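Enquirer: Provided herewith is a single structure, encoded as structure tokens, for subsequent inquiry.
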Amino acid sequence: MNAYFAGRELIDEEIPTLPDEHIATRPAIHMDNGQPRCRRCNNTTNFSSHHCARCSQLCLYCRHCIQMGKISSCTILYRWIGPPPKHPENAGTMHWTGTLSDGQRIASSNVERAIVHLNEHLVWAVAGAGKTEVLFHGISSALAAGKRVCIAAPRADVVRELAPRLAGVFPDTPPAALYGGSPNLHTYSPLVITTTHQLYRFYHAFNVMIVDEVDAFPYTFNSSLQFAVQKARKPDSALIYLTATPNTDWQAEVKSGKREATIIPARYHRHPLPMPKTKWCGNWKKSLLPSAVHSWVKTKLDAGSRLLLFYPHIDTMEKALPLFKEIDPRIESVHAADPLRKEKVEAMRRREIPALLSTTILERGVTFPGIDVAVIGAEDAVFTESALVQIAGRAGRSAGWPTGDIVFFHYGKTNAMMKAIRQIKEMNRLGIERGLIDG
Amino acid sequence: MKQCLLCENETEMESWLPFFGAKAPVLCPRCLGKLEKITGPSCRWCSRPMEEDGLCLECREWGESLFAGNISLYSYNDAMKELIARFKYRGDYALAAIFAEDVRRAAKEAACDLICAVPLPPSRLFERRFNQSEALIEAAGLSSIPLIGRMESEKQSKKSRLERINSEQTFYPVGDAGGKSVLVIDDIYTTGATIRRVAEALGEAGASTVKSVTIARSGA
């Protein structure tokens with residue numbers, strides 16, 4: 001049999017040759033209290049039907065996960081129930097020479113303990129704390145014990161970035177990186193890094209399930225993703241969540257002790273998180289480049305700063321861009337569908353662009369050393385507490401330049417703004433209290 | 001509240017429209033805006049957009065037959081390519097509803113006696129679970145008559161233009177058209193090779209003339 005089949009639950013189009021034995025099957029759509037339910041993605045509302053040439057009946061199909069291959073009423077899901085593939089020798093041997101910060105070390109041993117005892121654990125680590133490294137020891141001991149480990153990430157670019165890092169740390173068990181169009185889609189490895197979509201194809205496969213950037217999943221950890229995580233992990237398994245900005249419910253659960261968590265309140269470089277300021281700027285939708293923003297940008301650029309400026313929507317940002325170009329013609333803008341997105345981000349990194357306007361797509365993941373950050377229209381609904389904390393987390397990332405200005409320009413303060421500032425202040429307080437911040 | 005069939009955003013409609021019998025649109029304005037209706041001058045035989053009305057070079061080469069012309073509704077742009085791939089290859093039958101009104105209107109204008117679907121080779125029908133041509137007819141609330149069948153063959157979309165034009169006849173008559181005019185409804189018109197083979201088989205089944213309505217005009 002093909003090893004990649006182990007732990008997966010697939011439709012026949014996805015299986016090159018079906019083994020003669022050790023196969024369990026079940027219908028892909030079942031009726032649950034008179035309501036159809038897709039067993040791959042758990043959709044219960046988005047179905048259509050037609051007369052089917054395969055089963056010669058009126059046949060339902062799931063429209064929610066159709067891009068992964070059609071699931072119909074007459075579709076069968078297959079999974080392998082034979083002996084598991086041989087575990088690689090030296091699995092889990094770690095080739096890593098870095099050192100953990102004090103905050104990381106506590107999180108790392110808590111993660112390892114949760115993995116050994118099959119518990120649930122949340123790592124709440126501020127932007128720049130180094131949350132990936134916190135996983136290494138836990139993954140190492142799980143792999144050494146013959147276990148299967150999965151890291152689920154919200155976007156394909158996160159998977160593509162994590163995979164080579166982990167391949168360097170665990171060269172005896174290079175991870176299978178799974179995303180749409182990945183060359184690894186049919187690869188078996190006890191270590192899997194995957195997007196949510198590919199997670200739908202697993203069934204009770206993993207002893208350790210790690211959900212990275214749990215707040216960043218589309219529609220914030222929606223029920224369909226919850227389902228995918230629960231289906232892909234074994235009933236007896238560890239579940240680790242990583243985030244820099246848990247939602248309000250989870251924050252409350254952490255505070256009341258209902259949710260087991262480790263907070264890393266300080267950055268690896270041991271400097272405090274820069275605090276955002278708020279500044280009223282009038283109706284920015286009308287003025288596009290409010291005078292308060294204009295003078296801040298001009299002062300900063302004259303002093304040689306580089307700026308990251310967030311707008312809530314593409315249209316206002318594009319209308320504002322020409323006004324910024326009057327200050328400096330090299331200023332550019334990016335958004336999710338921008339074909340030159342990568343090039344512009346690179347140009348910003350090479351210091352060829354003095355200021356970059358962006359929608360929330362650059363709120364996480366990108367690091368430009370020594371920048372100042374502004375949000376224009378910070379009261380807009382797209383700027384949730386977690387978005388604002390992430391945006392503030394862009395400033396002061398490098399040890400060589402650990403400070404930076406952050407200004408929330410607004411036309412009326414919101415709860416989200418105040419909560420974001422409170423969260424950052426609280427993290428700094430905790431960091432100092434625990435001796436994780438110098439000075 | 002209705003959801004767009006493509007992007008799952010809500011479709012918008014002025015709240016007073018339903019009082020006048022308007023149906024909620026199946027696509028949101030954004031998705032609808034990406035589809036490009038063919039308007040302006042075109043080849044009167046194959047619907048290819050042209051500088052002025054007339055007959056395009058390729059159609060002149062085809063010469064006279066009982067095929068009396070094709071009407072294509074949309075250009076085969078990127079959005080349409082994606083839509084048809086999802087409809088036909090991914091098998092999202094529900095998308096046929098997007099063209100229901102267009103197909104119904106075009107069929108009425110074509111004013112033929114009978115409607116016939118383009119059959120799929122049996123193995124392809126099994127693989128795809130439904131015939132896209134029949135789906136378009138059903139969604140438009142029309143009914144088709146099985147006048148022709150189709151033998152097993154290679155996929156038309158995998159062939160070059162020359163291979164398509166010179167391809168062997170795979171359609172054969174199974175019904176009796178009794179001297180009537182027949183309208184064929186399909187998803188894409190590319191070289192016209194398929195529809196001309198269909199017309200020949202329909203001629204053998206006794207059709208007097210054959211017209212076609214296709215959703216998209218590719219290869220123009």
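Chain labels A, B, ... are given in the sequence in which chains occur in the structure tokens; within each chain residues are numbered consecutively from 1, and ligands are likewise numbered from 1 in the order shown.
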Based on only C-alpha atoms, which of the residues in chain B come within 6 Å of chain A? I want them as a list in words.

Expert: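 Output check: Phe126, Arg129 and Phe130 of chain B.
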
Enquirer: Run DSSP on the backbone and give me the residues of region 78-290 of chain A it puts in alpha helix (DSSP H), as an MDAnalysis selection string.

Expert: chainID A and resid 102:116 136:144 156:169 196:199 223:232 248:255 284:287

Enquirer: Among region 3-214 of chain B, which residues carry a DSSP assignment of strand (DSSP E or B), reported as a PDB file with C-alpha atoms, in the first residue's frame?

Expert:
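Saved to states_26.pdb:
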```pdb
ATOM      1  CA  GLN B   3     -25.927  34.011  -1.248  1.00  0.00           C
ATOM      2  CA  GLU B  10     -24.873  38.155  -0.161  1.00  0.00           C
ATOM      3  CA  LYS B  37     -21.740  39.550 -22.612  1.00  0.00           C
ATOM      4  CA  SER B  42     -20.165  39.400 -34.803  1.00  0.00           C
ATOM      5  CA  CYS B  43     -20.051  36.568 -37.301  1.00  0.00           C
ATOM      6  CA  PRO B  49     -16.892  39.195 -32.320  1.00  0.00           C
ATOM      7  CA  GLY B  54     -20.750  39.300 -41.664  1.00  0.00           C
ATOM      8  CA  PHE B  67     -26.059  23.948 -39.567  1.00  0.00           C
ATOM      9  CA  ALA B  68     -27.705  27.356 -39.583  1.00  0.00           C
ATOM     10  CA  GLY B  69     -25.557  29.150 -37.026  1.00  0.00           C
ATOM     11  CA  ASN B  70     -24.492  29.576 -33.428  1.00  0.00           C
ATOM     12  CA  ILE B  71     -25.280  32.239 -30.858  1.00  0.00           C
ATOM     13  CA  SER B  72     -22.773  32.581 -27.998  1.00  0.00           C
ATOM     14  CA  LEU B  73     -23.825  34.621 -24.996  1.00  0.00           C
ATOM     15  CA  TYR B  74     -20.543  35.476 -23.234  1.00  0.00           C
ATOM     16  CA  SER B  75     -16.884  35.821 -24.073  1.00  0.00           C
ATOM     17  CA  LEU B 114     -37.018  20.663 -30.847  1.00  0.00           C
ATOM     18  CA  ILE B 115     -34.173  20.985 -28.351  1.00  0.00           C
ATOM     19  CA  CYS B 116     -31.353  18.457 -28.179  1.00  0.00           C
ATOM     20  CA  ALA B 117     -28.405  18.142 -25.762  1.00  0.00           C
ATOM     21  CA  ILE B 148     -28.346  11.362 -31.005  1.00  0.00           C
ATOM     22  CA  GLY B 149     -25.868   9.223 -29.085  1.00  0.00           C
ATOM     23  CA  ARG B 150     -22.098   9.358 -28.744  1.00  0.00           C
ATOM     24  CA  PHE B 171     -22.222  11.058 -32.870  1.00  0.00           C
ATOM     25  CA  TYR B 172     -24.899   8.787 -34.287  1.00  0.00           C
ATOM     26  CA  PRO B 173     -28.677   9.168 -34.672  1.00  0.00           C
ATOM     27  CA  VAL B 182     -33.428  21.424 -33.880  1.00  0.00           C
ATOM     28  CA  LEU B 183     -31.704  23.685 -31.345  1.00  0.00           C
ATOM     29  CA  VAL B 184     -28.549  22.366 -29.653  1.00  0.00           C
ATOM     30  CA  ILE B 185     -27.491  23.932 -26.313  1.00  0.00           C
ATOM     31  CA  ASP B 186     -23.932  23.564 -25.003  1.00  0.00           C
ATOM     32  CA  ASP B 187     -21.359  25.330 -22.836  1.00  0.00           C
ATOM     33  CA  ILE B 188     -18.543  26.381 -25.190  1.00  0.00           C
ATOM     34  CA  TYR B 189     -18.163  26.997 -28.914  1.00  0.00           C
ATOM     35  CA  VAL B 210     -29.748  22.838 -36.753  1.00  0.00           C
ATOM     36  CA  LYS B 211     -28.908  25.921 -34.681  1.00  0.00           C
ATOM     37  CA  SER B 212     -26.901  26.197 -31.491  1.00  0.00           C
ATOM     38  CA  VAL B 213     -26.856  28.369 -28.383  1.00  0.00           C
ATOM     39  CA  THR B 214     -23.635  28.253 -26.374  1.00  0.00           C
TER      40      THR B 214
END
```

Enquirer: Hey, what's within 9 Å of Ile314 (chain A) if we count only C-alpha atoms and toss same-chain stuff fewer than 6 positions away? As a list in words, please?

Expert: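 Returned residues: Val334, His335, Ser358 and Thr359 of chain A.
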
Enquirer: Mind pulling up the distance from CA of Arg306 (chain A) to CA of Pro354 (chain A)?

Expert: 5.0 Å

Enquirer: What is the distance, in Å and to one decimal place, between CA of Ala85 (chain B) and CA of Arg217 (chain B)?

Expert: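 Here the two named atoms are 14.6 Å from each other.
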
Enquirer: Can you pull out the residues contacting region 94-111 of chain B? Cut-off 7 Å, using only C-alpha atoms, and skip same-chain residues under 4 positions away; I want them as an MDAnalysis selection string.

Expert: (chainID A and resid 48) or (chainID B and resid 5 26 87 135:136 139:140 213)

Enquirer: Using the selection just defined, write its residues with N, CA and C atoms as a compact mmCIF listing (two decimals), in the first residue's frame.

Expert:
```txt
# COMPACT_ATOMS: atom_id res chain seq x y z
N SER A 48 -26.41 20.99 -3.28
CA SER A 48 -27.27 21.05 -4.45
C SER A 48 -27.48 19.60 -4.90
N LEU B 5 -23.79 32.46 -5.84
CA LEU B 5 -23.41 31.08 -6.12
C LEU B 5 -21.90 30.91 -6.26
N VAL B 26 -28.75 35.39 -8.82
CA VAL B 26 -27.98 34.27 -8.27
C VAL B 26 -26.52 34.64 -8.04
N PHE B 87 -18.09 24.45 -12.99
CA PHE B 87 -19.37 23.86 -13.40
C PHE B 87 -19.16 22.47 -14.01
N ALA B 135 -27.68 19.87 -18.28
CA ALA B 135 -27.87 20.70 -17.08
C ALA B 135 -28.32 22.11 -17.46
N LEU B 136 -27.73 22.66 -18.52
CA LEU B 136 -28.09 24.00 -18.96
C LEU B 136 -29.54 24.04 -19.44
N ALA B 139 -31.89 23.57 -16.31
CA ALA B 139 -31.93 24.77 -15.46
C ALA B 139 -32.78 25.85 -16.10
N ALA B 140 -32.80 25.89 -17.44
CA ALA B 140 -33.59 26.91 -18.15
C ALA B 140 -35.07 26.53 -18.20
N VAL B 213 -27.06 27.30 -29.36
CA VAL B 213 -26.86 28.37 -28.38
C VAL B 213 -25.77 27.86 -27.44
```

Enquirer: If we count only C-alpha atoms and set the cut-off at 9 Å, which residues sit around Asn428 (chain A), ignoring sequence neighbours fewer than 5 positions away in its own chain? Please answer as a list in words.

Expert: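 With the cut-off at 9 Å, the set is Pro265, Ala266, Pro272, Leu273, Gln423, Glu433 and Ile437 of chain A.
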
Enquirer: Can I get the selected residues back with C-alpha atoms, as a PDB file, in the first residue's frame?

Expert:
```
ATOM      1  CA  PRO A 265       4.696  38.561  27.441  1.00  0.00           C
ATOM      2  CA  ALA A 266       8.091  39.739  26.188  1.00  0.00           C
ATOM      3  CA  PRO A 272       9.241  46.279  26.023  1.00  0.00           C
ATOM      4  CA  LEU A 273       6.580  46.396  23.300  1.00  0.00           C
ATOM      5  CA  GLN A 423      -3.506  44.261  26.173  1.00  0.00           C
ATOM      6  CA  GLU A 433       7.094  41.468  36.710  1.00  0.00           C
ATOM      7  CA  ILE A 437      12.250  42.723  30.117  1.00  0.00           C
TER       8      ILE A 437
END
```
